[in-house]
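Participant: Below is the file run.cif, with mmCIF, C-alpha atoms.
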data_work
#
loop_
_atom_site.label_atom_id
_atom_site.label_comp_id
_atom_site.auth_asym_id
_atom_site.auth_seq_id
_atom_site.Cartn_x
_atom_site.Cartn_y
_atom_site.Cartn_z
CA MET A 59 0.00 0.00 0.00
CA ASN A 60 1.54 3.30 -1.14
CA SER A 61 1.48 6.32 1.13
CA ASP A 62 1.49 9.94 0.04
CA PRO A 63 4.87 11.47 1.09
CA SER A 64 3.22 14.84 1.78
CA GLN A 65 0.75 13.20 4.17
CA ILE A 66 3.58 11.35 5.92
CA GLN A 67 5.51 14.61 6.29
CA MET A 68 2.41 16.39 7.63
CA GLY A 69 1.85 13.55 10.12
CA ASN A 70 5.45 13.74 11.30
CA GLY A 71 5.14 17.52 11.70
CA ARG A 72 2.05 17.16 13.87
CA TYR A 73 3.80 14.46 15.90
CA ARG A 74 6.75 16.78 16.56
CA ILE A 75 4.37 19.57 17.63
CA LEU A 76 2.60 17.19 20.00
CA CYS A 77 5.95 16.10 21.46
CA ARG A 78 6.94 19.74 22.06
CA ARG A 79 3.70 20.42 23.90
CA VAL A 80 4.15 17.32 26.05
CA VAL A 81 7.69 18.46 26.89
CA LEU A 82 6.35 21.90 27.85
CA LEU A 83 3.77 20.29 30.12
CA VAL A 84 6.35 18.00 31.77
CA VAL A 85 8.71 20.93 32.33
CA GLY A 86 5.83 22.87 33.87
CA LEU A 87 5.07 19.98 36.23
CA LEU A 88 8.72 19.71 37.25
CA VAL A 89 8.91 23.45 37.94
CA ALA A 90 5.68 23.27 39.93
CA SER A 91 7.11 20.51 42.13
CA CYS A 92 9.53 23.12 43.49
CA PHE A 93 6.70 25.42 44.63
CA ALA A 94 5.85 23.60 47.86
CA ALA A 95 8.46 25.30 50.06
CA LEU A 96 7.41 28.80 48.99
CA LYS A 97 4.73 31.11 50.35
CA PRO A 98 1.23 30.78 48.83
CA VAL A 99 1.42 34.13 47.01
CA THR A 100 4.80 33.22 45.49
CA ARG A 101 3.56 29.76 44.51
CA THR A 102 0.53 31.29 42.81
CA PHE A 103 2.67 33.82 40.92
CA LEU A 104 4.97 31.05 39.65
CA ALA A 105 1.93 28.97 38.69
CA VAL A 106 0.61 31.92 36.66
CA VAL A 107 3.96 32.26 34.91
CA SER A 108 4.01 28.55 34.05
CA VAL A 109 0.48 28.73 32.59
CA VAL A 110 1.37 31.76 30.47
CA VAL A 111 4.55 30.07 29.24
CA LEU A 112 2.57 26.95 28.32
CA MET A 113 -0.06 28.97 26.40
CA VAL A 114 2.58 30.99 24.53
CA GLY A 115 4.54 27.81 23.83
CA VAL A 116 1.46 26.14 22.32
CA GLU A 117 0.91 29.18 20.09
CA LEU A 118 4.54 29.27 18.94
CA THR A 119 4.70 25.53 18.17
CA ALA A 120 1.38 25.43 16.30
CA ASP A 121 1.31 25.16 12.54
CA ALA A 122 0.22 28.19 10.53
CA GLU A 123 -3.35 26.95 10.07
CA SER A 124 -3.82 26.44 13.80
CA GLN A 125 -2.33 29.69 15.06
CA LEU A 126 -4.49 32.47 16.43
CA SER A 127 -5.85 34.64 13.64
CA ARG A 128 -4.86 38.30 13.42
CA ARG A 129 -8.37 39.23 14.55
CA GLU A 130 -7.96 37.20 17.74
CA ARG A 131 -4.44 38.26 18.66
CA TRP A 132 -3.99 40.67 21.56
CA ARG A 133 -2.35 43.41 19.53
CA ILE A 134 -0.60 46.52 20.85
CA ARG A 135 -0.92 49.39 18.39
CA ARG A 136 0.27 52.96 18.17
CA ALA A 137 -2.58 55.30 19.01
CA PRO A 138 -3.07 58.99 19.84
CA MET A 139 -4.20 60.07 23.29
CA ILE A 140 -7.99 60.13 22.83
CA LYS A 141 -9.52 62.40 25.46
CA ASP A 142 -12.98 60.81 25.42
CA ARG A 143 -11.56 57.33 25.92
CA VAL A 144 -9.26 58.48 28.71
CA VAL A 145 -12.17 60.13 30.51
CA ARG A 146 -14.28 57.00 30.03
CA GLU A 147 -11.59 54.71 31.42
CA ILE A 148 -10.96 57.00 34.42
CA GLY A 149 -14.70 57.08 35.11
CA ASN A 150 -14.81 53.29 34.86
CA VAL A 151 -11.99 52.99 37.40
CA LEU A 152 -13.66 55.37 39.86
CA VAL A 153 -17.08 53.72 39.65
CA HIS A 154 -15.73 50.21 40.08
CA ALA A 155 -13.35 51.35 42.85
CA ILE A 156 -16.38 52.60 44.80
CA LEU A 157 -18.23 49.33 44.18
CA PHE A 158 -15.11 47.38 45.19
CA ARG A 159 -14.92 49.31 48.47
CA ILE A 160 -18.62 48.73 49.17
CA ALA A 161 -18.16 44.99 48.57
CA LEU A 162 -15.28 44.96 51.06
CA LEU A 163 -17.43 46.71 53.66
CA ILE A 164 -20.29 44.26 53.09
CA LEU A 165 -18.00 41.25 53.46
CA PRO A 166 -18.84 39.79 56.89
CA ARG A 167 -16.01 39.65 59.43
CA PRO A 168 -15.31 37.42 61.21
CA ARG A 169 -16.47 34.75 58.82
CA ALA A 170 -19.35 32.59 60.06
CA PRO A 171 -19.53 29.59 57.71
CA ASP A 172 -22.31 27.92 59.71
CA HIS A 173 -24.65 30.85 59.18
CA PHE A 174 -26.49 30.57 55.85
CA MET A 175 -27.16 34.27 55.28
CA SER A 176 -23.62 35.21 56.29
CA GLU A 177 -22.24 32.80 53.71
CA ILE A 178 -24.59 34.10 51.01
CA LEU A 179 -23.48 37.66 51.81
CA ARG A 180 -19.83 36.61 51.70
CA LEU A 181 -20.15 34.91 48.31
CA SER A 182 -22.19 37.79 46.86
CA ALA A 183 -19.52 40.24 47.97
CA GLY A 184 -16.93 37.92 46.43
CA VAL A 185 -18.67 38.05 43.04
CA ALA A 186 -18.72 41.86 43.25
CA LEU A 187 -15.04 41.95 44.24
CA LEU A 188 -14.03 39.75 41.31
CA TYR A 189 -16.04 41.68 38.72
CA THR A 190 -14.98 45.12 39.91
CA ALA A 191 -11.32 44.13 40.38
CA VAL A 192 -11.13 42.79 36.82
CA GLU A 193 -12.71 45.95 35.44
CA ILE A 194 -10.34 48.18 37.44
CA ILE A 195 -7.25 46.25 36.33
CA ALA A 196 -8.31 46.27 32.66
CA SER A 197 -9.01 50.04 32.73
CA VAL A 198 -5.76 50.87 34.53
CA ILE A 199 -3.72 48.85 32.01
CA THR A 200 -5.57 50.59 29.17
CA LEU A 201 -4.81 54.01 30.67
CA LEU A 202 -1.12 53.19 31.09
CA PHE A 203 -0.80 52.14 27.46
CA LEU A 204 -2.77 55.17 26.27
CA ALA A 205 -0.40 57.41 28.25
CA GLY A 206 2.47 55.84 26.31
CA GLY A 207 0.74 56.33 22.97
CA TYR A 208 -0.48 52.77 22.50
CA SER A 209 -3.89 51.11 22.30
CA LEU A 210 -4.99 47.64 23.39
CA PRO A 211 -8.01 45.66 22.21
CA PRO A 212 -10.66 45.15 24.92
CA VAL A 213 -10.24 42.23 27.29
CA HIS A 214 -13.97 42.31 28.10
CA ARG A 215 -17.00 43.50 26.18
CA ARG A 216 -19.69 44.46 28.72
CA PRO A 217 -19.98 40.97 30.27
CA ILE A 218 -23.10 42.00 32.19
CA GLY A 219 -24.97 42.32 28.87
CA ALA A 220 -24.53 38.68 27.80
CA ARG A 221 -27.72 36.99 26.57
CA SER A 222 -26.41 33.45 27.09
CA VAL A 223 -23.71 31.58 28.94
CA GLY A 224 -22.08 30.81 25.59
CA GLU A 225 -22.01 34.50 24.65
CA PHE A 226 -20.60 35.40 28.06
CA TRP A 227 -17.62 33.06 27.79
CA GLY A 228 -17.10 33.18 24.02
CA GLU A 229 -17.56 36.88 23.22
CA ARG A 230 -17.57 39.00 26.37
CA TRP A 231 -15.39 37.66 29.21
CA ASN A 232 -11.59 37.35 28.93
CA ILE A 233 -11.58 37.42 25.14
CA VAL A 234 -7.84 36.64 24.97
CA VAL A 235 -8.11 33.28 26.75
CA SER A 236 -11.40 32.34 25.08
CA ALA A 237 -9.80 32.87 21.65
CA TRP A 238 -6.86 30.67 22.66
CA LEU A 239 -9.16 27.88 23.89
CA ARG A 240 -11.32 28.11 20.78
CA THR A 241 -8.30 27.88 18.49
CA PHE A 242 -6.27 25.17 20.22
CA VAL A 243 -8.88 23.06 22.02
CA PHE A 244 -12.33 23.49 20.50
CA MET A 245 -11.59 23.84 16.77
CA PRO A 246 -9.31 20.80 16.35
CA VAL A 247 -12.09 18.62 17.78
CA ALA A 248 -15.00 20.45 16.14
CA ARG A 249 -13.41 20.03 12.71
CA ARG A 250 -13.86 16.29 13.18
CA ASN A 251 -17.61 16.79 13.76
CA HIS A 252 -17.37 16.51 17.55
CA CYS A 253 -18.64 19.94 18.57
CA VAL A 254 -20.12 18.74 21.85
CA LEU A 255 -16.86 17.08 22.85
CA GLY A 256 -14.96 20.18 21.74
CA ILE A 257 -17.05 22.45 23.99
CA MET A 258 -16.59 20.20 27.01
CA LEU A 259 -12.85 19.81 26.41
CA ALA A 260 -12.43 23.59 26.06
CA PHE A 261 -14.12 24.20 29.41
CA LEU A 262 -12.26 21.30 31.01
CA ALA A 263 -8.98 22.83 29.80
CA SER A 264 -10.03 26.22 31.18
CA GLY A 265 -10.88 24.58 34.50
CA VAL A 266 -7.51 22.82 34.63
CA LEU A 267 -5.65 26.07 33.90
CA HIS A 268 -7.54 27.91 36.65
CA GLY A 269 -7.31 24.96 39.02
CA TRP A 270 -3.56 24.79 38.42
CA LEU A 271 -3.24 28.36 39.67
CA ILE A 272 -5.19 27.69 42.87
CA LEU A 273 -3.76 24.20 43.54
CA PHE A 274 -0.46 25.43 44.97
CA ALA A 275 -2.07 28.22 46.98
CA ILE A 276 -4.89 26.37 48.76
CA GLY A 277 -4.99 22.71 47.83
CA LEU A 278 -6.49 19.97 45.69
CA TRP A 279 -10.16 20.33 46.69
CA ALA A 280 -10.20 24.05 45.94
CA ALA A 281 -8.63 23.33 42.54
CA LEU A 282 -11.22 20.64 41.78
CA SER A 283 -13.96 23.08 42.76
CA GLN A 284 -12.81 25.48 40.06
CA VAL A 285 -12.54 22.68 37.50
CA LEU A 286 -16.14 21.67 38.30
CA PHE A 287 -17.29 25.27 37.88
CA PHE A 288 -16.03 25.38 34.29
CA VAL A 289 -17.36 21.93 33.43
CA ILE A 290 -20.83 23.06 34.52
CA GLN A 291 -20.52 26.09 32.22
CA GLY A 292 -19.95 23.73 29.30
CA VAL A 293 -23.01 21.68 30.24
CA ALA A 294 -25.08 24.89 30.46
CA ILE A 295 -24.00 25.90 26.94
CA LEU A 296 -25.02 22.50 25.58
CA ALA A 297 -28.40 22.93 27.29
CA GLU A 298 -28.76 26.39 25.73
CA ASN A 299 -28.21 24.95 22.27
CA ARG A 300 -30.97 22.39 22.85
CA LEU A 301 -33.31 25.01 24.33
CA ARG A 302 -32.66 27.44 21.42
CA ILE A 303 -31.92 30.32 23.76
CA HIS A 304 -31.29 32.67 20.84
CA GLU A 305 -35.07 32.67 20.27
CA TRP A 306 -35.90 33.67 23.85
CA PRO A 307 -36.93 37.20 24.85
CA VAL A 308 -33.88 39.29 25.73
CA ALA A 309 -34.89 39.76 29.38
CA VAL A 310 -35.48 36.04 29.89
CA ALA A 311 -32.19 35.10 28.20
CA ARG A 312 -30.23 37.53 30.37
CA ALA A 313 -31.99 36.31 33.51
CA TRP A 314 -31.03 32.72 32.58
CA THR A 315 -27.41 33.76 32.05
CA LEU A 316 -27.17 35.54 35.39
CA LEU A 317 -28.89 32.64 37.16
CA ILE A 318 -26.42 30.05 35.84
CA LEU A 319 -23.36 32.21 36.51
CA LEU A 320 -24.42 33.27 40.01
CA ALA A 321 -25.71 29.83 41.05
CA THR A 322 -22.40 28.19 40.15
CA SER A 323 -20.15 31.07 41.22
CA PRO A 324 -19.48 29.72 44.77
CA LEU A 325 -17.41 26.93 43.20
CA PHE A 326 -15.10 29.59 41.74
CA ILE A 327 -15.42 32.46 44.23
CA ASP A 328 -14.92 30.56 47.50
CA PRO A 329 -11.33 29.40 46.73
CA GLY A 330 -10.40 32.95 45.74
CA LEU A 331 -11.78 34.42 48.96
CA ARG A 332 -10.00 31.77 51.00
CA PHE A 333 -6.74 32.60 49.23
CA PHE A 334 -7.03 36.18 50.51
CA GLY A 335 -8.15 35.03 53.96
CA LEU A 336 -11.73 36.25 53.50
#
Is it possible to express this structure as structure tokens?

Facilitator:
Amino acid sequence: MNSDPSQIQMGNGRYRILCRRVVLLVVGLLVASCFAALKPVTRTFLAVVSVVVLMVGVELTADAESQLSRRERWRIRRAPMIKDRVVREIGNVLVHAILFRIALLILPRPRAPDHFMSEILRLSAGVALLYTAVEIIASVITLLFLAGGYSLPPVHRRPIGARSVGEFWGERWNIVVSAWLRTFVFMPVARRNHCVLGIMLAFLASGVLHGWLILFAIGLWAALSQVLFFVIQGVAILAENRLRIHEWPVAVARAWTLLILLATSPLFIDPGLRFFGL
């Protein structure tokens, strides 16, 4: 049986790429094994670095067809200082800083885990802290680059306006990471007519990346909690596709989205609050 040399060469190329990614993962695991003797904050920082290195390594070792498209790349461009945008970003920082402070004041201290309402209040404040902190960080980074004459694409696109869980994760929240997961996890599987499997693998990968960051700071169960959170998001998106959520009234679709995100948020928020001793 004759084999096409071009197909053999393509297969060997993909094999080499796979081997490089496995090596990157093994190196990351070996580096992580040295984290145990360090403080939790230092361990978490090193875990973040290892995740970023892994993601960049996957992008660099991917073939041209699998690399992030120009539209999806996080590009830094020269840009003039636009007064309206600067004012908008400063206003965004101030508003969310006030909300962040209110959430801190609401956070019950000392913590009373056996009291149901106290725990609900704690987790609700945690959601507010996460959302406002992300908005503040994104706006501050944008302002710093604008001050230097550069412009960044948005990291978020009004997440609160999402009409579905799929829209929230795919188009509005952390667009940089969602593009990476779509390109390197979802699409390779979806191209083989396994869209459902591709969605679940993408969210499992996201859960593992987030769980990796929290594993060395708090422990295994906290990491598994975050993995479960992302797996549930994948299941919710599959349910939305069956329920044809795009045909729902806007208000109902947004209520569904908030319900799913808030109902599952304790799985993600609680480890983060515990990391900061809250």

Participant: So what does the PyMOL selection byres ((chain A and resi 126) around 12) actually pick up in this one, as a VMD selection string?

Facilitator: chain A and resid 113 to 114 116 to 125 127 to 133 234 to 243 245

Participant: Tell me which protein, DNA and RNA residues are within 12 Å of Leu187 in chain A, counting all atoms listed in the file, leaving out same-chain ones fewer than 2 positions away, and put them as number ranges by chain.

Facilitator: A: 154-165, 180-185, 189-195, 327-328, 330-331, 334, 336

Participant: Rank nothing, just name the residue among A:Val213, A:Ile178, A:Ala263, A:Val198 nearest to Val289 in chain A, using all atoms listed in the file.

Facilitator: A:Ala263

Participant: What's the separation between CA of Leu296 in chain A and CA of Val310 in chain A, in Å to one decimal place?

Facilitator: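 So the answer is 17.6 Å.
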
Participant: Using only C-alpha atoms for the distances, tell me which of A:Gly292, A:Leu273, A:Phe333, A:Ser209 is nearest to Phe244 in chain A.

Facilitator: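 For Phe244 in chain A, the nearest of the given residues is A:Gly292.
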
Participant: Could you please determine the separation between CA of Val254 in chain A and CA of Arg300 in chain A in Å, to one decimal place?

Facilitator: 11.5 Å

Participant: To one decimal place in Å, what is the distance between CA of Gly269 in chain A and CA of Ser283 in chain A?

Facilitator: 7.9 Å

Participant: Can you translate the PyMOL selection byres ((chain A and resi 256) around 8) into the concrete residues it hits in this file, as a ChimeraX atom specification?

Facilitator: /A:243-248,252-255,257-260

Participant: Can you translate the PyMOL selection byres ((chain A and resi 272) around 12) into the concrete residues it hits in this file, as a PyMOL selection string?

Facilitator: chain A and resi 98-106+109+265-271+273-285+326-334

Participant: Quick one: residues within 12 Å of His304 in chain A, only C-alpha atoms counted, chain neighbours fewer than 2 positions away excluded, as a list in words?

Facilitator: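 My reading of the contact set: Ala220, Arg221, Ser222, Val223, Gly224, Glu225, Ile295, Glu298, Asn299, Arg300, Leu301, Arg302, Trp306, Pro307, Val308, Ala309, Val310, Ala311, Arg312, Trp314 and Thr315 of chain A.
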